[in-house]
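Asks: My structure is stored as coords.cif, with mmCIF, C-alpha atoms.
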```cif
data_target
#
loop_
_atom_site.label_atom_id
_atom_site.label_comp_id
_atom_site.auth_asym_id
_atom_site.auth_seq_id
_atom_site.Cartn_x
_atom_site.Cartn_y
_atom_site.Cartn_z
CA MET A 142 175.63 134.21 114.83
CA THR A 143 173.91 133.91 111.48
CA LEU A 144 170.50 132.42 110.78
CA ASP A 145 172.09 129.47 108.96
CA SER A 146 174.25 128.63 111.97
CA ILE A 147 171.22 128.74 114.27
CA GLN A 148 169.34 126.36 111.98
CA GLU A 149 172.35 124.03 111.88
CA ARG A 150 172.48 123.95 115.69
CA ILE A 151 168.78 123.15 115.95
CA VAL A 152 169.09 120.30 113.42
CA ALA A 153 172.16 118.97 115.19
CA SER A 154 170.37 119.06 118.56
CA ILE A 155 167.43 117.12 117.18
CA GLN A 156 169.70 114.56 115.53
CA SER A 157 171.54 114.03 118.81
CA ILE A 158 168.35 112.90 120.56
CA PRO A 159 168.12 109.11 120.60
CA PHE A 160 165.41 107.69 118.32
CA HIS A 161 163.99 105.49 121.04
CA PHE A 162 163.46 108.54 123.25
CA LEU A 163 161.47 110.30 120.52
CA TYR A 164 159.46 107.13 119.94
CA GLN A 165 158.66 106.72 123.64
CA SER A 166 157.69 110.38 123.94
CA LEU A 167 155.34 110.05 120.97
CA ILE A 168 153.73 106.96 122.49
CA ILE A 169 153.22 108.75 125.82
CA ILE A 170 151.71 111.82 124.14
CA LEU A 171 149.34 109.70 122.05
CA GLY A 172 148.41 107.66 125.10
CA LEU A 173 147.57 110.78 127.09
CA ALA A 174 145.58 112.20 124.17
CA TYR A 175 143.51 109.04 123.74
CA GLY A 176 143.09 108.65 127.48
CA TYR A 177 141.77 112.18 127.79
CA HIS A 178 139.52 111.69 124.75
CA PHE A 179 137.84 108.51 126.02
CA PHE A 180 137.75 109.16 129.76
CA PHE A 181 137.20 112.92 130.05
CA VAL A 182 135.33 113.92 126.87
CA THR A 183 131.96 112.68 128.10
CA ALA A 184 128.41 113.92 128.46
CA THR A 185 127.01 114.76 131.88
CA SER A 186 123.72 113.30 133.09
CA ASN A 187 121.83 116.42 131.92
CA GLU A 188 123.41 116.64 128.47
CA PRO A 189 122.16 115.01 125.26
CA PRO A 190 123.99 112.07 123.64
CA LEU A 191 127.61 112.90 122.78
CA ILE A 192 129.19 111.73 119.52
CA ARG A 193 132.93 112.20 120.02
CA GLY A 194 134.47 110.02 117.30
CA SER A 195 137.69 108.07 117.72
CA ILE A 196 140.34 110.73 116.99
CA PRO A 197 141.54 112.89 119.91
CA PHE A 198 140.83 116.61 119.57
CA LEU A 199 139.50 116.29 116.00
CA GLY A 200 136.57 114.13 117.08
CA ILE A 201 134.23 113.72 114.10
CA ALA A 202 135.61 116.75 112.23
CA LEU A 203 136.79 114.76 109.20
CA ASP A 204 133.44 112.97 108.76
CA PHE A 205 131.61 116.26 109.21
CA LEU A 206 133.69 118.00 106.53
CA ARG A 207 133.06 115.20 104.00
CA ASP A 208 129.25 115.37 104.09
CA PRO A 209 127.77 117.38 106.99
CA GLU A 210 124.13 117.07 105.91
CA LYS A 211 124.24 113.29 105.60
CA LEU A 212 126.04 113.00 108.93
CA LEU A 213 123.58 115.22 110.80
CA MET A 214 120.59 113.35 109.39
CA LYS A 215 122.14 109.99 110.36
CA TYR A 216 122.68 111.13 113.94
CA GLN A 217 119.16 112.55 114.12
CA ARG A 218 117.72 109.15 113.21
CA ARG A 219 119.99 107.43 115.72
CA TYR A 220 119.99 109.82 118.70
CA GLY A 221 116.87 111.99 118.30
CA ASP A 222 116.26 115.70 117.82
CA ILE A 223 119.02 116.95 120.17
CA TYR A 224 122.55 115.62 120.31
CA THR A 225 126.11 116.87 120.76
CA LEU A 226 129.07 116.66 118.39
CA TYR A 227 132.69 116.84 119.48
CA ILE A 228 134.66 118.74 116.83
CA ALA A 229 138.13 120.28 117.10
CA GLY A 230 138.15 120.20 120.89
CA GLN A 231 134.70 121.79 121.24
CA LYS A 232 131.24 120.42 122.01
CA MET A 233 128.59 121.58 119.54
CA HIS A 234 124.93 121.01 120.41
CA VAL A 235 122.75 120.21 117.39
CA VAL A 236 119.00 120.96 117.51
CA THR A 237 117.06 119.51 114.57
CA ASP A 238 113.43 120.10 115.60
CA PRO A 239 112.43 123.79 115.91
CA ILE A 240 108.97 122.95 117.30
CA ASN A 241 109.65 120.63 120.22
CA ALA A 242 113.41 120.74 120.75
CA ILE A 243 114.08 124.49 120.91
CA PRO A 244 111.73 125.12 123.88
CA ALA A 245 113.46 122.27 125.71
CA VAL A 246 116.83 123.90 125.04
CA PHE A 247 115.71 127.24 126.46
CA ARG A 248 114.25 125.60 129.56
CA ASN A 249 117.55 123.82 130.26
CA PHE A 250 119.79 126.88 129.85
CA LYS A 251 122.32 125.59 132.40
CA THR A 252 123.23 122.79 130.01
CA TYR A 253 122.83 124.74 126.77
CA SER A 254 124.60 127.98 127.57
CA PHE A 255 124.09 130.80 125.09
CA LYS A 256 126.22 133.23 127.06
CA LEU A 257 129.15 133.61 124.65
CA LEU A 258 126.89 133.89 121.61
CA ALA A 259 124.48 136.21 123.42
CA THR A 260 127.32 138.50 124.50
CA ARG A 261 128.68 138.78 120.96
CA VAL A 262 125.25 139.43 119.48
CA ASP A 263 124.37 141.98 122.17
CA ILE A 264 127.54 144.00 121.64
CA SER A 265 128.03 143.67 117.87
CA LEU A 266 124.48 143.49 116.55
CA PHE A 267 122.35 145.24 119.15
CA GLY A 268 124.93 147.83 120.20
CA VAL A 269 124.64 147.02 123.90
CA ASP A 270 127.30 148.42 126.24
CA ALA A 271 129.98 145.78 126.92
CA LYS A 272 129.63 146.09 130.70
CA GLN A 273 125.88 145.51 130.52
CA ALA A 274 126.23 142.68 127.98
CA THR A 275 128.64 140.76 130.24
CA ASP A 276 126.66 141.28 133.45
CA PRO A 277 126.04 137.70 134.70
CA GLY A 278 123.11 138.74 136.88
CA LEU A 279 121.32 140.44 133.99
CA TYR A 280 121.97 137.46 131.72
CA LYS A 281 120.46 135.08 134.28
CA ASP A 282 117.47 137.33 135.00
CA ASN A 283 116.64 137.57 131.29
CA LEU A 284 116.94 133.81 130.80
CA ASP A 285 114.73 133.15 133.82
CA ILE A 286 111.96 135.09 132.07
CA LEU A 287 111.86 132.95 128.94
CA ALA A 288 110.53 129.63 130.21
CA PRO A 289 107.53 130.84 132.25
CA HIS A 290 106.56 133.90 130.20
CA LEU A 291 107.43 132.99 126.61
CA LEU A 292 107.83 129.22 126.25
CA SER A 293 105.22 127.83 128.62
CA GLN A 294 102.05 126.41 127.09
CA SER A 295 99.84 129.11 128.58
CA SER A 296 102.12 131.90 127.34
CA VAL A 297 102.26 130.44 123.84
CA GLU A 298 98.48 130.12 123.71
CA PHE A 299 98.07 133.70 124.91
CA LEU A 300 100.48 135.08 122.29
CA ILE A 301 98.85 133.05 119.51
CA THR A 302 95.42 134.37 120.52
CA ARG A 303 96.78 137.92 120.64
CA PHE A 304 98.51 137.48 117.27
CA ASN A 305 95.34 136.19 115.59
CA TYR A 306 93.36 139.09 117.04
CA ASN A 307 95.82 141.62 115.63
CA LEU A 308 95.94 139.84 112.30
CA ARG A 309 92.16 140.11 111.92
CA LEU A 310 92.48 143.88 112.39
CA ILE A 311 95.63 144.57 110.37
CA LEU A 312 95.06 142.34 107.34
CA PRO A 313 91.78 143.99 106.18
CA ARG A 314 93.32 147.43 106.70
CA GLU A 315 96.31 146.61 104.51
CA ILE A 316 94.08 145.05 101.82
CA GLU A 317 91.97 148.22 101.82
CA LYS A 318 95.13 150.25 101.20
CA LEU A 319 95.83 148.16 98.10
CA ASP A 320 92.28 148.78 96.88
CA SER A 321 92.34 152.54 97.46
CA LEU A 322 91.41 153.21 93.82
CA GLY A 323 89.15 150.19 93.39
CA ARG A 324 91.75 148.41 91.27
CA LEU A 325 91.55 145.04 93.01
CA GLY A 326 88.14 144.35 91.44
CA LYS A 327 89.30 145.52 87.99
CA GLU A 328 92.80 145.08 86.61
CA GLY A 329 94.29 144.06 89.97
CA VAL A 330 97.40 145.28 91.78
CA VAL A 331 100.94 143.96 91.43
CA ILE A 332 102.82 143.71 94.74
CA ASP A 333 105.80 141.91 96.24
CA LEU A 334 103.73 139.43 98.25
CA VAL A 335 106.64 138.33 100.43
CA GLN A 336 107.47 141.87 101.48
CA TRP A 337 103.80 142.78 101.92
CA MET A 338 103.14 139.79 104.18
CA LYS A 339 106.40 140.39 106.05
CA LYS A 340 105.26 143.90 106.97
CA VAL A 341 101.89 142.54 108.14
CA MET A 342 103.60 139.86 110.25
CA PHE A 343 106.00 142.47 111.66
CA GLU A 344 103.17 144.63 112.94
CA CYS A 345 101.15 141.68 114.22
CA SER A 346 104.14 140.33 116.13
CA GLY A 347 105.09 143.72 117.53
CA LYS A 348 101.60 144.44 118.81
CA SER A 349 101.24 140.93 120.22
CA LEU A 350 104.39 141.41 122.31
CA PHE A 351 104.54 145.14 123.03
CA GLY A 352 100.85 146.03 122.87
CA ASP A 353 98.73 148.55 121.00
CA THR A 354 101.34 151.32 121.10
CA TRP A 355 103.59 149.47 118.63
CA PRO A 356 104.19 151.87 115.66
CA ASP A 357 102.52 151.00 112.37
CA ASP A 358 104.01 153.57 109.97
CA ASP A 359 106.16 152.68 106.95
CA GLU A 360 109.20 154.64 108.17
CA PHE A 361 109.47 152.52 111.32
CA TYR A 362 109.23 149.28 109.34
CA ASN A 363 111.66 150.48 106.65
CA ASP A 364 114.30 151.22 109.29
CA TYR A 365 113.84 147.70 110.63
CA GLU A 366 114.23 146.29 107.11
CA ILE A 367 117.48 148.18 106.49
CA TYR A 368 118.79 147.08 109.89
CA GLU A 369 117.82 143.46 109.24
CA GLU A 370 119.62 143.43 105.89
CA GLY A 371 122.83 144.36 107.68
CA ILE A 372 122.68 141.67 110.36
CA TYR A 373 125.16 139.32 108.70
CA PRO A 374 127.73 142.01 107.74
CA ILE A 375 127.55 143.44 111.28
CA LEU A 376 128.06 140.05 112.93
CA LYS A 377 130.83 139.27 110.47
CA GLY A 378 132.67 142.33 111.74
CA LEU A 379 132.97 144.25 108.47
CA PRO A 380 134.51 147.75 108.68
CA PRO A 381 132.07 150.50 109.77
CA ILE A 382 131.90 152.00 106.29
CA PHE A 383 130.19 148.84 105.02
CA VAL A 384 127.57 148.66 107.79
CA ARG A 385 126.99 152.36 108.42
CA LYS A 386 123.58 152.43 106.73
CA SER A 387 122.31 149.49 108.78
CA VAL A 388 123.69 150.85 112.06
CA GLN A 389 122.10 154.26 111.42
CA ALA A 390 118.76 152.54 110.71
CA ARG A 391 119.15 150.57 113.94
CA GLU A 392 119.65 153.76 115.94
CA ARG A 393 116.57 155.40 114.38
CA TYR A 394 114.61 152.21 115.12
CA TYR A 395 115.78 152.30 118.74
CA LEU A 396 114.77 155.94 119.10
CA ARG A 397 111.23 155.06 118.01
CA LEU A 398 111.16 152.22 120.53
CA LEU A 399 112.42 154.55 123.24
CA LYS A 400 109.67 157.04 122.40
CA MET A 401 107.13 154.21 122.61
CA PHE A 402 108.39 153.16 126.05
CA LYS A 403 108.32 156.75 127.33
CA GLN A 404 104.71 157.12 126.23
CA GLY A 405 103.83 153.96 128.13
CA LEU A 406 102.83 150.57 126.78
CA LYS A 407 99.19 149.61 126.41
CA ASN A 408 98.35 145.90 126.83
CA PRO A 409 101.92 144.53 126.61
CA SER A 410 102.57 140.81 126.99
CA LYS A 411 103.83 139.38 130.27
CA VAL A 412 107.30 138.68 128.88
CA ILE A 413 107.76 142.36 127.96
CA GLU A 414 106.51 143.48 131.37
CA GLU A 415 109.09 141.19 133.00
CA ARG A 416 111.88 142.41 130.71
CA LEU A 417 111.06 145.98 131.70
CA ARG A 418 111.16 144.98 135.34
CA VAL A 419 114.62 143.48 134.88
CA GLY A 420 115.78 146.60 133.06
CA ILE A 421 114.50 148.89 135.80
CA SER A 422 116.23 146.78 138.46
CA LEU A 423 119.48 147.06 136.49
CA MET A 424 119.22 150.85 136.37
CA SER A 425 118.67 151.00 140.13
CA ARG A 426 121.86 149.06 140.96
#
```
Would you put the structure from the file into structure tokens?

Replies:
Amino acid sequence: MTLDSIQERIVASIQSIPFHFLYQSLIIILGLAYGYHFFFVTATSNEPPLIRGSIPFLGIALDFLRDPEKLLMKYQRRYGDIYTLYIAGQKMHVVTDPINAIPAVFRNFKTYSFKLLATRVDISLFGVDAKQATDPGLYKDNLDILAPHLLSQSSVEFLITRFNYNLRLILPREIEKLDSLGRLGKEGVVIDLVQWMKKVMFECSGKSLFGDTWPDDDEFYNDYEIYEEGIYPILKGLPPIFVRKSVQARERYYLRLLKMFKQGLKNPSKVIEERLRVGISLMSR
């Protein structure tokens, strides 16, 4: 049997089906699709407002593709800082306020699940073992830490106080390095201000979270910079040859962190102490 004869049989079979049967089947399928869309695609009592559109499966996909920025801003004005879009059969939570809305999202992690994204990032970007990354108990234990020890008002105030303290120590030291030859008071010094401030913020943040044993040398920071530059290519899944430099920098960065942990942390924040506790409990399983 040739390919042409098979095609002819298929066409003949379709033509033999009565038109009214095809029409009725189409009506039933559309009815089921719209029924599912309007009766089952709904928001639970704990979820933010759901904008599902009027087209089954597609939802608001067409409007979103035409002008996503205008659409998101319109829904923010109408529904507030957190809402949910239904696009191509999936619910997509939109968070428009990084100050007030994001902490609320982390506190309500049962509604806003980051599990799939967290698993991908852990394995691809951070190099975590797949078994550990998909451990539901570890995922829950780590999430339980965030609200009381990182996002609560008292924790935020503590970290801000710690950050300001470190900044008052680190900033004068780095300015003194620039003025090592007394050039600041004469012809001045040309620097990349963004990169210079980024390094200062990196050290301030590290010491605020991990304590006084956080490394402050250029090699440690440079490895972090190389690793950070490769975040998007790594997550995109580019071949190893294109991300090798960033992955090697990540491993060197991890080795320095491991050395820091082995030496013992001095004045770490509560969230880091709790993360270490969770890690130790995992190792003892």

Asks: Name the residues that the PyMOL selection byres ((chain A and resi 384) around 12) picks from the file above, as a ChimeraX atom specification, using the file's chain letters and numbers.

Replies: /A:265-266,367-383,385-391

Asks: Once you count only C-alpha atoms, which residues end up no further than 12 Å from (127.6, 108.1, 122.2) in the file's frame, shown as a ChimeraX atom specification?

Replies: /A:179,182-185,188-195,200-201,216,219-220,224-227

Asks: With C-alpha atoms kept, could you save the residues just selected as a PDB file, in the coordinates of the input?

Replies:
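The resulting again_12.pdb:
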```pdb
ATOM      1  CA  PHE A 179     137.840 108.510 126.020  1.00  0.00           C
ATOM      2  CA  VAL A 182     135.330 113.920 126.870  1.00  0.00           C
ATOM      3  CA  THR A 183     131.960 112.680 128.100  1.00  0.00           C
ATOM      4  CA  ALA A 184     128.410 113.920 128.460  1.00  0.00           C
ATOM      5  CA  THR A 185     127.010 114.760 131.880  1.00  0.00           C
ATOM      6  CA  GLU A 188     123.410 116.640 128.470  1.00  0.00           C
ATOM      7  CA  PRO A 189     122.160 115.010 125.260  1.00  0.00           C
ATOM      8  CA  PRO A 190     123.990 112.070 123.640  1.00  0.00           C
ATOM      9  CA  LEU A 191     127.610 112.900 122.780  1.00  0.00           C
ATOM     10  CA  ILE A 192     129.190 111.730 119.520  1.00  0.00           C
ATOM     11  CA  ARG A 193     132.930 112.200 120.020  1.00  0.00           C
ATOM     12  CA  GLY A 194     134.470 110.020 117.300  1.00  0.00           C
ATOM     13  CA  SER A 195     137.690 108.070 117.720  1.00  0.00           C
ATOM     14  CA  GLY A 200     136.570 114.130 117.080  1.00  0.00           C
ATOM     15  CA  ILE A 201     134.230 113.720 114.100  1.00  0.00           C
ATOM     16  CA  TYR A 216     122.680 111.130 113.940  1.00  0.00           C
ATOM     17  CA  ARG A 219     119.990 107.430 115.720  1.00  0.00           C
ATOM     18  CA  TYR A 220     119.990 109.820 118.700  1.00  0.00           C
ATOM     19  CA  TYR A 224     122.550 115.620 120.310  1.00  0.00           C
ATOM     20  CA  THR A 225     126.110 116.870 120.760  1.00  0.00           C
ATOM     21  CA  LEU A 226     129.070 116.660 118.390  1.00  0.00           C
ATOM     22  CA  TYR A 227     132.690 116.840 119.480  1.00  0.00           C
TER      23      TYR A 227
END
```

Asks: Run the PyMOL selection byres ((chain A and resi 229) around 8) mentally over the shown coordinates, then write out the matched residues as a JSON list (two decimals) with C-alpha atoms, in the coordinates of the input, using the chain letters and numbers from the document.

Replies:
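The result, stored in part35.json:
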```json
[["chain", "number", "residue", "atom", "x", "y", "z"],
["A", 198, "PHE", "CA", 140.83, 116.61, 119.57],
["A", 199, "LEU", "CA", 139.50, 116.29, 116.00],
["A", 200, "GLY", "CA", 136.57, 114.13, 117.08],
["A", 202, "ALA", "CA", 135.61, 116.75, 112.23],
["A", 227, "TYR", "CA", 132.69, 116.84, 119.48],
["A", 228, "ILE", "CA", 134.66, 118.74, 116.83],
["A", 230, "GLY", "CA", 138.15, 120.20, 120.89],
["A", 231, "GLN", "CA", 134.70, 121.79, 121.24]]
```

Asks: Taking the file as I've supplied it (selection: the PyMOL selection byres ((chain A and resi 341-349) around 12)), which residues are included? Please answer as a PyMOL selection string.

Replies: chain A and resi 291+296-316+334-340+350-359+361-363+365-366+398+401+406-413

Asks: Tell me which residues come within 8 Å of (117.3, 117.3, 117.3), as a list in words, counting only C-alpha atoms in the file's coordinates.

Replies: Gln217, Gly221, Asp222, Ile223, Tyr224, Val235, Val236, Thr237, Asp238 and Ala242 of chain A

Asks: If you count all atoms listed in the file, which residues fall within 10 Å of Gln273 of chain A, apart from same-chain ones fewer than 5 positions away, as a short mmCIF file (atom, residue, chain, number, x, y, z; two decimals) with C-alpha atoms, keeping the file's coordinate frame?

Replies:
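And here's selection36.cif as it stands now:
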```cif
data_model
loop_
_atom_site.label_atom_id
_atom_site.label_comp_id
_atom_site.auth_asym_id
_atom_site.auth_seq_id
_atom_site.Cartn_x
_atom_site.Cartn_y
_atom_site.Cartn_z
CA THR A 260 127.32 138.50 124.50
CA ASP A 263 124.37 141.98 122.17
CA ILE A 264 127.54 144.00 121.64
CA GLY A 278 123.11 138.74 136.88
CA LEU A 279 121.32 140.44 133.99
CA TYR A 280 121.97 137.46 131.72
CA LEU A 423 119.48 147.06 136.49
#
```

Asks: Mind pulling up the distance from atom CA of Asp282 of chain A to atom CA of Arg393 of chain A?

Replies: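 Result for atom CA of Arg393 of chain A versus atom CA of Asp282 of chain A: 27.4 Å, one decimal.
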
Asks: What is the distance, in Å and to one decimal place, between atom CA of Phe180 of chain A and atom CA of Ser166 of chain A?

Replies: 20.8 Å

Asks: Residues of segment 283-383 of chain A within 10 Å of segment 416-420 of chain A: nearest atom pair and distance (Å, one decimal) for each, counting all atoms listed in the file, sorted by chain and number, as CSV?

Replies:
```
residue,atom,partner,partner_atom,distance
A:Asn283,CA,A:Arg416,CA,6.8
A:Leu284,CA,A:Arg416,CA,10.0
A:Ile286,CA,A:Arg416,CA,7.4
A:Leu287,CA,A:Arg416,CA,9.6
```

Asks: Report the distance between atom CA of Glu415 of chain A and atom CA of Phe402 of chain A in Å, rounded to one decimal place.

Replies: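 Going from atom CA of Glu415 of chain A over to atom CA of Phe402 of chain A covers 13.9 Å.
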